[in-house]
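J.: Just protein-v7.cif, nothing more (mmCIF, C-alpha atoms):
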data_target
#
loop_
_atom_site.group_PDB
_atom_site.id
_atom_site.type_symbol
_atom_site.label_atom_id
_atom_site.label_comp_id
_atom_site.auth_asym_id
_atom_site.auth_seq_id
_atom_site.Cartn_x
_atom_site.Cartn_y
_atom_site.Cartn_z
ATOM 1 C CA MET A 1 93.686 70.220 119.913
ATOM 2 C CA CYS A 2 97.006 70.857 118.194
ATOM 3 C CA HIS A 3 95.479 73.667 116.182
ATOM 4 C CA GLN A 4 94.219 75.232 119.385
ATOM 5 C CA SER A 5 97.605 74.927 121.131
ATOM 6 C CA VAL A 6 99.412 76.430 118.147
ATOM 7 C CA GLY A 7 96.895 79.264 117.830
ATOM 8 C CA LEU A 8 97.365 80.262 121.452
ATOM 9 C CA ILE A 9 101.171 80.086 121.165
ATOM 10 C CA ALA A 10 101.137 82.201 117.989
ATOM 11 C CA ARG A 11 98.989 84.854 119.675
ATOM 12 C CA HIS A 12 101.361 85.028 122.614
ATOM 13 C CA LEU A 13 104.560 85.194 120.520
ATOM 14 C CA GLU A 14 103.064 87.955 118.406
ATOM 15 C CA PHE A 15 102.090 89.804 121.587
ATOM 16 C CA LEU A 16 105.754 89.569 122.629
ATOM 17 C CA GLY A 17 106.814 91.178 119.344
ATOM 18 C CA TYR A 18 107.580 88.283 116.973
ATOM 19 C CA PRO A 19 105.810 88.244 113.595
ATOM 20 C CA THR A 20 104.211 84.771 113.375
ATOM 21 C CA THR A 21 102.437 82.805 110.694
ATOM 22 C CA SER A 22 100.726 79.413 110.898
ATOM 23 C CA LEU A 23 99.596 76.604 108.678
ATOM 24 C CA SER A 24 96.202 75.031 109.390
ATOM 25 C CA SER A 25 94.126 72.104 108.211
ATOM 26 C CA SER A 26 91.262 72.865 110.577
ATOM 27 C CA TRP A 27 89.520 76.096 109.655
ATOM 28 C CA VAL A 28 87.085 76.077 112.579
ATOM 29 C CA ILE A 29 89.657 75.447 115.331
ATOM 30 C CA THR A 30 92.067 78.012 113.884
ATOM 31 C CA ALA A 31 89.246 80.564 113.561
ATOM 32 C CA SER A 32 88.278 79.978 117.191
ATOM 33 C CA ALA A 33 91.851 80.233 118.525
ATOM 34 C CA ASN A 34 92.311 83.267 116.254
ATOM 35 C CA PRO A 35 96.071 83.477 115.535
ATOM 36 C CA PRO A 36 97.501 86.573 113.783
ATOM 37 C CA ARG A 37 97.980 84.902 110.355
ATOM 38 C CA ALA A 38 97.135 81.468 108.953
ATOM 39 C CA ALA A 39 97.242 79.685 105.597
ATOM 40 C CA PHE A 40 94.555 77.004 105.327
ATOM 41 C CA LEU A 41 95.333 73.732 103.547
ATOM 42 C CA ASP A 42 92.195 71.613 103.052
ATOM 43 C CA TYR A 43 93.892 68.248 103.546
ATOM 44 C CA PRO A 44 93.146 65.388 105.933
ATOM 45 C CA LEU A 45 94.732 65.902 109.368
ATOM 46 C CA GLY A 46 98.323 64.746 109.445
ATOM 47 C CA HIS A 47 99.400 66.644 106.291
ATOM 48 C CA THR A 48 99.438 70.296 107.379
ATOM 49 C CA ALA A 49 102.571 70.969 105.295
ATOM 50 C CA GLY A 50 101.700 68.805 102.266
ATOM 51 C CA ARG A 51 101.724 65.228 101.005
ATOM 52 C CA PRO A 52 104.583 62.806 101.805
ATOM 53 C CA ASN A 53 107.629 62.869 99.535
ATOM 54 C CA GLU A 54 106.249 65.853 97.594
ATOM 55 C CA LEU A 55 108.978 68.360 98.375
ATOM 56 C CA GLN A 56 107.932 70.864 95.710
ATOM 57 C CA GLU A 57 104.403 70.942 97.104
ATOM 58 C CA GLN A 58 105.745 71.280 100.660
ATOM 59 C CA ILE A 59 107.873 74.221 99.505
ATOM 60 C CA GLN A 60 104.845 75.915 97.854
ATOM 61 C CA ILE A 61 102.778 75.510 101.021
ATOM 62 C CA THR A 62 105.520 76.672 103.382
ATOM 63 C CA THR A 63 106.313 79.624 101.095
ATOM 64 C CA ALA A 64 102.632 80.618 101.055
ATOM 65 C CA ALA A 65 102.433 80.541 104.856
ATOM 66 C CA LEU A 66 105.568 82.664 105.225
ATOM 67 C CA GLY A 67 104.403 85.023 102.476
ATOM 68 C CA LEU A 68 101.538 86.100 104.751
ATOM 69 C CA ILE A 69 104.092 87.883 106.909
ATOM 70 C CA ASP A 70 104.394 90.446 104.104
ATOM 71 C CA THR A 71 100.909 90.311 102.593
ATOM 72 C CA ALA A 72 98.404 89.964 105.464
ATOM 73 C CA ALA A 73 96.635 93.273 105.995
ATOM 74 C CA GLY A 74 95.706 92.725 109.637
ATOM 75 C CA PRO A 75 95.206 90.045 112.301
ATOM 76 C CA GLY A 76 92.765 87.173 112.085
ATOM 77 C CA GLN A 77 92.767 86.558 108.367
ATOM 78 C CA ILE A 78 92.752 82.913 107.232
ATOM 79 C CA THR A 79 94.001 82.482 103.679
ATOM 80 C CA PRO A 80 92.858 79.350 101.807
ATOM 81 C CA LEU A 81 95.540 77.640 99.711
ATOM 82 C CA PRO A 82 94.552 76.330 96.258
ATOM 83 C CA HIS A 83 95.780 72.756 96.794
ATOM 84 C CA VAL A 84 93.210 69.976 96.522
ATOM 85 C CA TRP A 85 93.767 66.508 98.013
ATOM 86 C CA PRO A 86 93.779 64.093 95.042
ATOM 87 C CA THR A 87 91.031 61.755 96.320
ATOM 88 C CA GLU A 88 87.729 62.122 98.171
ATOM 89 C CA TRP A 89 88.466 62.032 101.930
ATOM 90 C CA LYS A 90 85.849 64.091 103.736
ATOM 91 C CA THR A 91 83.147 61.420 103.957
ATOM 92 C CA LYS A 92 85.420 59.279 106.091
ATOM 93 C CA ALA A 93 86.770 62.275 108.045
ATOM 94 C CA ARG A 94 83.200 63.275 108.975
ATOM 95 C CA LYS A 95 82.225 59.837 110.269
ATOM 96 C CA LEU A 96 81.693 60.019 113.996
ATOM 97 C CA SER A 97 84.299 57.864 115.575
ATOM 98 C CA ASP A 98 86.872 58.411 118.252
ATOM 99 C CA LYS A 99 90.065 58.395 116.216
ATOM 100 C CA ARG A 100 92.374 58.900 119.197
ATOM 101 C CA THR A 101 94.518 56.151 120.613
ATOM 102 C CA GLU A 102 94.856 55.553 124.326
ATOM 103 C CA ARG A 103 96.631 58.356 126.181
ATOM 104 C CA HIS A 104 99.541 56.722 127.967
ATOM 105 C CA ASP A 105 101.545 58.730 130.485
ATOM 106 C CA THR A 106 104.855 57.062 129.572
ATOM 107 C CA PRO A 107 106.976 57.943 126.492
ATOM 108 C CA GLN A 108 105.504 56.368 123.348
ATOM 109 C CA TYR A 109 108.329 55.516 120.951
ATOM 110 C CA GLU A 110 107.832 55.119 117.209
ATOM 111 C CA ARG A 111 110.408 52.310 117.171
ATOM 112 C CA PRO A 112 111.667 50.058 119.982
ATOM 113 C CA ALA A 113 115.291 50.949 119.117
ATOM 114 C CA ASP A 114 114.517 54.610 119.913
ATOM 115 C CA GLU A 115 113.870 53.776 123.532
ATOM 116 C CA LEU A 116 117.246 52.112 123.804
ATOM 117 C CA ALA A 117 118.952 55.058 122.072
ATOM 118 C CA ALA A 118 117.260 57.525 124.430
ATOM 119 C CA ALA A 119 118.404 55.539 127.459
ATOM 120 C CA GLU A 120 121.994 55.630 126.181
ATOM 121 C CA SER A 121 122.001 59.340 125.368
ATOM 122 C CA PRO A 122 123.766 61.560 127.890
ATOM 123 C CA MET B 1 85.273 83.914 115.158
ATOM 124 C CA THR B 2 87.719 85.557 112.859
ATOM 125 C CA ALA B 3 86.451 84.435 109.528
ATOM 126 C CA ASP B 4 83.871 82.006 108.222
ATOM 127 C CA PRO B 5 85.219 79.526 105.708
ATOM 128 C CA PRO B 6 84.218 80.104 102.080
ATOM 129 C CA ALA B 7 81.175 77.852 101.487
ATOM 130 C CA GLU B 8 82.731 76.238 98.423
ATOM 131 C CA LEU B 9 85.502 74.806 100.586
ATOM 132 C CA ASP B 10 83.017 72.645 102.528
ATOM 133 C CA VAL B 11 85.448 72.356 105.446
ATOM 134 C CA VAL B 12 85.313 69.551 108.008
ATOM 135 C CA ASP B 13 84.000 70.980 111.293
ATOM 136 C CA HIS B 14 86.406 69.443 113.810
ATOM 137 C CA ILE B 15 84.875 71.324 116.748
ATOM 138 C CA GLN B 16 81.336 70.105 116.131
ATOM 139 C CA GLN B 17 82.727 66.659 115.432
ATOM 140 C CA THR B 18 84.502 66.501 118.803
ATOM 141 C CA LEU B 19 81.414 67.758 120.624
ATOM 142 C CA ASP B 20 79.221 65.146 118.905
ATOM 143 C CA SER B 21 81.733 62.375 119.449
ATOM 144 C CA TYR B 22 82.170 63.173 123.170
ATOM 145 C CA SER B 23 78.446 63.398 123.672
ATOM 146 C CA GLN B 24 78.008 60.018 122.017
ATOM 147 C CA LEU B 25 80.703 58.520 124.266
ATOM 148 C CA GLY B 26 79.123 60.073 127.346
ATOM 149 C CA TYR B 27 82.147 62.322 128.033
ATOM 150 C CA ASP B 28 81.886 65.832 129.398
ATOM 151 C CA SER B 29 81.837 68.481 126.718
ATOM 152 C CA TYR B 30 85.216 70.040 125.910
ATOM 153 C CA ARG B 31 85.471 73.802 126.081
ATOM 154 C CA TRP B 32 87.471 74.878 123.023
ATOM 155 C CA ALA B 33 89.561 78.012 123.212
ATOM 156 C CA HIS B 34 87.673 80.930 121.773
ATOM 157 C CA GLU B 35 89.568 84.170 121.371
ATOM 158 C CA PRO B 36 87.241 86.821 119.959
ATOM 159 C CA GLU B 37 89.744 89.658 120.478
ATOM 160 C CA PRO B 38 91.979 90.308 117.467
ATOM 161 C CA ALA B 39 95.526 89.023 117.954
ATOM 162 C CA ALA B 40 98.487 91.360 118.172
ATOM 163 C CA PHE B 41 99.940 92.104 114.754
ATOM 164 C CA VAL B 42 103.633 92.819 114.279
ATOM 165 C CA ARG B 43 105.006 94.087 110.974
ATOM 166 C CA PRO B 44 108.290 92.493 109.884
ATOM 167 C CA THR B 45 111.385 94.633 110.157
ATOM 168 C CA LYS B 46 113.200 93.114 107.172
ATOM 169 C CA PRO B 47 112.351 91.286 103.947
ATOM 170 C CA LEU B 48 111.712 87.537 104.168
ATOM 171 C CA ALA B 49 114.820 86.930 102.047
ATOM 172 C CA GLU B 50 116.897 88.375 104.898
ATOM 173 C CA SER B 51 114.864 86.925 107.760
ATOM 174 C CA LYS B 52 115.881 84.227 110.208
ATOM 175 C CA VAL B 53 112.974 81.808 110.549
ATOM 176 C CA ALA B 54 112.114 79.659 113.581
ATOM 177 C CA LEU B 55 109.899 76.582 113.172
ATOM 178 C CA ILE B 56 107.574 75.394 115.936
ATOM 179 C CA ALA B 57 105.574 72.226 115.242
ATOM 180 C CA SER B 58 103.048 70.371 117.374
ATOM 181 C CA GLY B 59 103.012 66.968 115.667
ATOM 182 C CA GLY B 60 104.988 65.128 118.355
ATOM 183 C CA ILE B 61 108.303 65.072 116.461
ATOM 184 C CA TYR B 62 111.354 63.790 118.317
ATOM 185 C CA HIS B 63 114.881 63.023 117.152
ATOM 186 C CA GLN B 64 116.216 59.508 117.441
ATOM 187 C CA GLY B 65 118.097 59.482 120.754
ATOM 188 C CA GLN B 66 115.611 61.798 122.465
ATOM 189 C CA VAL B 67 112.896 60.722 124.874
ATOM 190 C CA ALA B 68 109.573 60.338 123.030
ATOM 191 C CA PHE B 69 106.456 62.252 124.056
ATOM 192 C CA HIS B 70 103.843 60.735 126.292
ATOM 193 C CA HIS B 71 100.231 61.465 125.553
ATOM 194 C CA LYS B 72 98.646 62.663 128.756
ATOM 195 C CA ASP B 73 98.958 66.446 128.496
ATOM 196 C CA ASP B 74 102.718 66.218 127.913
ATOM 197 C CA THR B 75 103.865 69.832 128.122
ATOM 198 C CA SER B 76 107.529 69.161 127.340
ATOM 199 C CA PHE B 77 109.241 70.188 124.123
ATOM 200 C CA ARG B 78 112.207 68.972 122.068
ATOM 201 C CA ARG B 79 114.958 70.920 120.322
ATOM 202 C CA ILE B 80 115.489 69.525 116.845
ATOM 203 C CA PRO B 81 118.705 70.741 115.144
ATOM 204 C CA THR B 82 117.728 72.240 111.797
ATOM 205 C CA SER B 83 120.720 70.357 110.366
ATOM 206 C CA ALA B 84 119.095 67.019 111.333
ATOM 207 C CA SER B 85 118.544 64.291 108.781
ATOM 208 C CA THR B 86 114.818 63.674 108.376
ATOM 209 C CA ASN B 87 115.661 59.953 108.526
ATOM 210 C CA ASP B 88 116.372 60.467 112.246
ATOM 211 C CA LEU B 89 113.032 62.116 112.999
ATOM 212 C CA ARG B 90 110.153 60.213 114.597
ATOM 213 C CA THR B 91 106.583 61.014 115.598
ATOM 214 C CA SER B 92 104.658 60.304 118.794
ATOM 215 C CA HIS B 93 101.078 61.567 119.110
ATOM 216 C CA PHE B 94 97.697 60.079 119.970
ATOM 217 C CA ALA B 95 95.304 62.246 118.028
ATOM 218 C CA TYR B 96 96.184 62.032 114.343
ATOM 219 C CA ASP B 97 96.976 59.336 111.803
ATOM 220 C CA MET B 98 100.781 59.287 111.701
ATOM 221 C CA THR B 99 101.035 56.995 108.655
ATOM 222 C CA SER B 100 102.192 59.770 106.302
ATOM 223 C CA ALA B 101 104.374 61.492 108.925
ATOM 224 C CA ARG B 102 106.241 58.239 109.524
ATOM 225 C CA VAL B 103 106.917 57.941 105.781
ATOM 226 C CA ASP B 104 107.985 61.583 105.534
ATOM 227 C CA PRO B 105 108.049 63.755 108.697
ATOM 228 C CA ASN B 106 108.080 66.828 106.446
ATOM 229 C CA VAL B 107 104.281 66.541 106.159
ATOM 230 C CA VAL B 108 103.972 67.952 109.676
ATOM 231 C CA PHE B 109 107.484 69.386 110.080
ATOM 232 C CA PRO B 110 108.556 71.094 106.824
ATOM 233 C CA LEU B 111 112.270 71.085 107.530
ATOM 234 C CA ASP B 112 113.398 70.061 104.036
ATOM 235 C CA ALA B 113 111.160 72.749 102.516
ATOM 236 C CA LEU B 114 112.636 75.421 104.802
ATOM 237 C CA ARG B 115 116.187 74.276 104.076
ATOM 238 C CA SER B 116 115.478 74.484 100.321
ATOM 239 C CA MET B 117 114.026 77.942 100.820
ATOM 240 C CA ALA B 118 117.098 79.076 102.742
ATOM 241 C CA GLN B 119 119.309 77.691 99.989
ATOM 242 C CA SER B 120 117.299 79.367 97.211
ATOM 243 C CA GLY B 121 117.189 82.665 99.105
ATOM 244 C CA THR B 122 113.425 82.779 99.706
ATOM 245 C CA ILE B 123 114.241 83.103 103.383
ATOM 246 C CA GLY B 124 117.477 84.351 104.910
ATOM 247 C CA SER B 125 118.256 81.490 107.276
ATOM 248 C CA LEU B 126 116.891 79.085 109.846
ATOM 249 C CA THR B 127 117.458 79.180 113.591
ATOM 250 C CA THR B 128 119.865 76.525 114.864
ATOM 251 C CA HIS B 129 117.000 74.497 116.319
ATOM 252 C CA ALA B 130 113.335 73.931 115.614
ATOM 253 C CA LEU B 131 111.006 73.363 118.567
ATOM 254 C CA THR B 132 108.519 70.509 118.716
ATOM 255 C CA PHE B 133 105.886 69.335 121.149
ATOM 256 C CA MET B 134 102.885 67.064 121.337
ATOM 257 C CA GLY B 135 100.035 69.485 120.754
ATOM 258 C CA GLY B 136 97.209 67.298 122.052
ATOM 259 C CA ILE B 137 97.148 69.172 125.350
ATOM 260 C CA TYR B 138 93.627 69.329 126.741
ATOM 261 C CA SER B 139 94.476 71.664 129.602
ATOM 262 C CA GLN B 140 94.878 75.197 128.271
ATOM 263 C CA ARG B 141 96.065 76.198 131.726
ATOM 264 C CA ARG B 142 98.954 73.698 131.584
ATOM 265 C CA LEU B 143 99.742 74.823 128.049
ATOM 266 C CA LYS B 144 99.949 78.445 129.164
ATOM 267 C CA GLU B 145 101.731 77.859 132.483
ATOM 268 C CA ASP B 146 104.164 75.060 131.547
ATOM 269 C CA LEU B 147 104.845 74.833 127.822
ATOM 270 C CA LEU B 148 104.416 78.436 126.686
ATOM 271 C CA PRO B 149 107.017 80.070 128.979
ATOM 272 C CA ALA B 150 109.569 77.389 128.025
ATOM 273 C CA LEU B 151 108.974 77.966 124.304
ATOM 274 C CA VAL B 152 109.183 81.734 124.789
ATOM 275 C CA ASP B 153 112.603 81.376 126.469
ATOM 276 C CA GLU B 154 113.868 79.173 123.625
ATOM 277 C CA ILE B 155 112.593 81.555 120.966
ATOM 278 C CA ALA B 156 114.035 84.573 122.759
ATOM 279 C CA ALA B 157 117.466 82.885 122.866
ATOM 280 C CA MET B 158 117.432 82.210 119.104
ATOM 281 C CA VAL B 159 116.268 85.729 118.118
ATOM 282 C CA PRO B 160 114.272 84.837 114.977
ATOM 283 C CA ASP B 161 112.786 87.509 112.714
ATOM 284 C CA VAL B 162 109.766 85.338 111.929
ATOM 285 C CA VAL B 163 108.157 82.297 113.577
ATOM 286 C CA LEU B 164 106.348 79.643 111.517
ATOM 287 C CA LEU B 165 103.962 77.400 113.444
ATOM 288 C CA VAL B 166 102.712 74.069 112.122
ATOM 289 C CA PRO B 167 99.890 72.299 113.976
ATOM 290 C CA VAL B 168 98.421 68.918 113.094
#
Output the file's structure as C-alpha cells, nothing else.
T.:
Amino acid sequence: MCHQSVGLIARHLEFLGYPTTSLSSSWVITASANPPRAAFLDYPLGHTAGRPNELQEQIQITTAALGLIDTAAGPGQITPLPHVWPTEWKTKARKLSDKRTERHDTPQYERPADELAAAESP
Amino acid sequence: MTADPPAELDVVDHIQQTLDSYSQLGYDSYRWAHEPEPAAFVRPTKPLAESKVALIASGGIYHQGQVAFHHKDDTSFRRIPTSASTNDLRTSHFAYDMTSARVDPNVVFPLDALRSMAQSGTIGSLTTHALTFMGGIYSQRRLKEDLLPALVDEIAAMVPDVVLLVPV
C-alpha cells in the first residue's frame, strides 16, 4: 500500500514541476503505480533504504536513487540495484499469511513514554 | 505496467499475494492503483551537487513528542526536522515488520545517509524538514483529497530542487 501511495504522490509532484525519484522494494506495486523514476532494492519489506546500522550501504542506495534524476532517460523506468540480502528470505515472504496488525483508529505509539511526551508538547 | 522485472530477480509479487490472501480470508478484492499513462518527467535545472533535496517517507515515522499515527487510513503527516537525532525517531505502522526500523529508522528514512551526502557534497543541501506519513492508506480518494494537497503545500513552501520518496 505504501508503495502505491508513494507512487501516486511522486506522479503528482512531478506533474507540478518537481523532479522526483523513489526507492522501491516492491517491483509490481511500483510498476502499477508507475512513478517517474524508481530504484528497486530487492530486500524484505521494511528495509527500502538498506539494512540497519549499515550507513555506507544506506548512502550507496540513496545515492543511486538520487542519481536517477540525472541518468533516467524517460518516465517509468525501474532500475534494479545490485544489492543482495545476505540470507534467503523470499520463501517466508511468499507464504500466504496476513502480516498486518489490527488497524486501530487511535495513535499507536512505539513507546509508552512517547504518548506522555506528545500530551505535554505545545 | 511500466516495466516487467528481469526474470533473474525473481521478485516477490505483493499484488498477487494480497489478492490471494484477501480471497482466502473472504475479504473483498482490493483494487490496486494502475496508472498506464507515462508519468510527467521533469529535467533537473541544476546538478545534484547544488540541489536542495526534500525527503518524503511513508513508513510511519514520528518524532518523540509528536502524536503517533493511527492505522485506519490516517491521512495526516509529520514534519521531521532534518537536524533531528535519529535516536528521537519512532515508527508506527500496521503493515510492515518494524523490527529493523526500530533499531535504525534510517532503513525506511535515510536521514543519516542524506546528511552524509550533503556533507560530502554529493547533494547541495536538505530542506529544513522531511515529511512523513503512514502509507498504508487503502482509500486512494482520501490519499488524493486529504494527504496529497497538504504535502504539496509543504513541498511548495520548502522549494526543493529534487524530491526523494521512500515507501515501505
J.: Can you spell out as a PyMOL selection string the set of residues that the PyMOL selection byres ((chain B and resi 5) around 12) selects in the structure I just provided?
T.: (chain A and resi 25-32+40-42+77-80) or (chain B and resi 1-4+6-13)
J.: How would you write, as a tab-separated table (two decimals) with C-alpha atoms, in the frame of the given file, the residues chosen by the PyMOL selection byres ((chain A and resi 6) around 10) on this structure?
T.:
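selection39.tsv written:
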chain	number	residue	atom	x	y	z
A	1	MET	CA	93.69	70.22	119.91
A	2	CYS	CA	97.01	70.86	118.19
A	3	HIS	CA	95.48	73.67	116.18
A	4	GLN	CA	94.22	75.23	119.38
A	5	SER	CA	97.60	74.93	121.13
A	7	GLY	CA	96.90	79.26	117.83
A	8	LEU	CA	97.36	80.26	121.45
A	9	ILE	CA	101.17	80.09	121.16
A	10	ALA	CA	101.14	82.20	117.99
A	11	ARG	CA	98.99	84.85	119.68
A	12	HIS	CA	101.36	85.03	122.61
A	22	SER	CA	100.73	79.41	110.90
A	23	LEU	CA	99.60	76.60	108.68
A	24	SER	CA	96.20	75.03	109.39
A	30	THR	CA	92.07	78.01	113.88
A	33	ALA	CA	91.85	80.23	118.52
A	35	PRO	CA	96.07	83.48	115.54
B	56	ILE	CA	107.57	75.39	115.94
B	57	ALA	CA	105.57	72.23	115.24
B	58	SER	CA	103.05	70.37	117.37
B	135	GLY	CA	100.04	69.48	120.75
B	165	LEU	CA	103.96	77.40	113.44
B	166	VAL	CA	102.71	74.07	112.12
B	167	PRO	CA	99.89	72.30	113.98
B	168	VAL	CA	98.42	68.92	113.09
J.: So the first atom is atom CA of B:Leu48 and the second is atom CA of B:Pro149; what is the distance between them in Å, to one decimal place?
T.: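 So the two atoms, atom CA of B:Leu48 and atom CA of B:Pro149, lie 26.3 Å apart.
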J.: Report as a ChimeraX atom specification the residues that result from applying the PyMOL selection byres ((chain A and resi 64) around 10) to the structure here.
T.: /A:21,23,38-40,58-63,65-69,71,79-81
J.: I want to know what sits within 10 Å of B:Tyr30, based on all atoms listed in the file, with residues of the same chain fewer than 2 positions away left out; could you give that as a PyMOL selection string?
T.: chain B and resi 15+18-19+22-23+27-28+32-33+138
J.: Between atom CA of B:Asp104 and atom CA of A:Asp105, what is the distance, to one decimal in Å?
T.: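 If I compute the distance from atom CA of B:Asp104 to atom CA of A:Asp105, I get 25.9 Å.
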J.: With distances taken over only C-alpha atoms, which of A:Arg100, A:Pro82, A:Glu120, A:Pro112 is nearest to chain B?
T.: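 Checking each candidate against chain B, we get A:Arg100 as the closest.
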J.: Near stretch 75-89 of chain B, within 9 Å and counting all atoms listed in the file, which residues show up once chain neighbours fewer than 3 positions away are dropped, as a compact mmCIF listing (two decimals) with C-alpha atoms, keeping the file's coordinate frame?
T.:
# COMPACT_ATOMS: atom_id res chain seq x y z
CA GLY B 60 104.99 65.13 118.36
CA ILE B 61 108.30 65.07 116.46
CA TYR B 62 111.35 63.79 118.32
CA HIS B 63 114.88 63.02 117.15
CA GLN B 64 116.22 59.51 117.44
CA GLY B 65 118.10 59.48 120.75
CA GLN B 66 115.61 61.80 122.46
CA VAL B 67 112.90 60.72 124.87
CA PHE B 69 106.46 62.25 124.06
CA LYS B 72 98.65 62.66 128.76
CA ARG B 102 106.24 58.24 109.52
CA ASP B 104 107.98 61.58 105.53
CA PRO B 105 108.05 63.76 108.70
CA ASN B 106 108.08 66.83 106.45
CA LEU B 111 112.27 71.08 107.53
CA ASP B 112 113.40 70.06 104.04
CA ARG B 115 116.19 74.28 104.08
CA LEU B 126 116.89 79.08 109.85
CA THR B 127 117.46 79.18 113.59
CA THR B 128 119.86 76.53 114.86
CA HIS B 129 117.00 74.50 116.32
CA ALA B 130 113.34 73.93 115.61
CA LEU B 131 111.01 73.36 118.57
CA THR B 132 108.52 70.51 118.72
CA PHE B 133 105.89 69.33 121.15
CA MET B 134 102.88 67.06 121.34
CA GLY B 135 100.04 69.48 120.75
CA ILE B 137 97.15 69.17 125.35
CA ARG B 142 98.95 73.70 131.58
CA LEU B 143 99.74 74.82 128.05
CA ASP B 146 104.16 75.06 131.55
CA LEU B 147 104.84 74.83 127.82
CA LEU B 148 104.42 78.44 126.69
CA ALA B 150 109.57 77.39 128.02
CA LEU B 151 108.97 77.97 124.30
CA GLU B 154 113.87 79.17 123.62
J.: Provide an axis-aligned box for all listed atoms of stretch 102-108 of chain B, padding each side by 8 Å; report its centre and its edge lengths in Å to one decimal, as JSON.
T.:
{"center_x": 106.0, "center_y": 62.9, "center_z": 107.6, "size_x": 20.1, "size_y": 26.0, "size_z": 20.1}
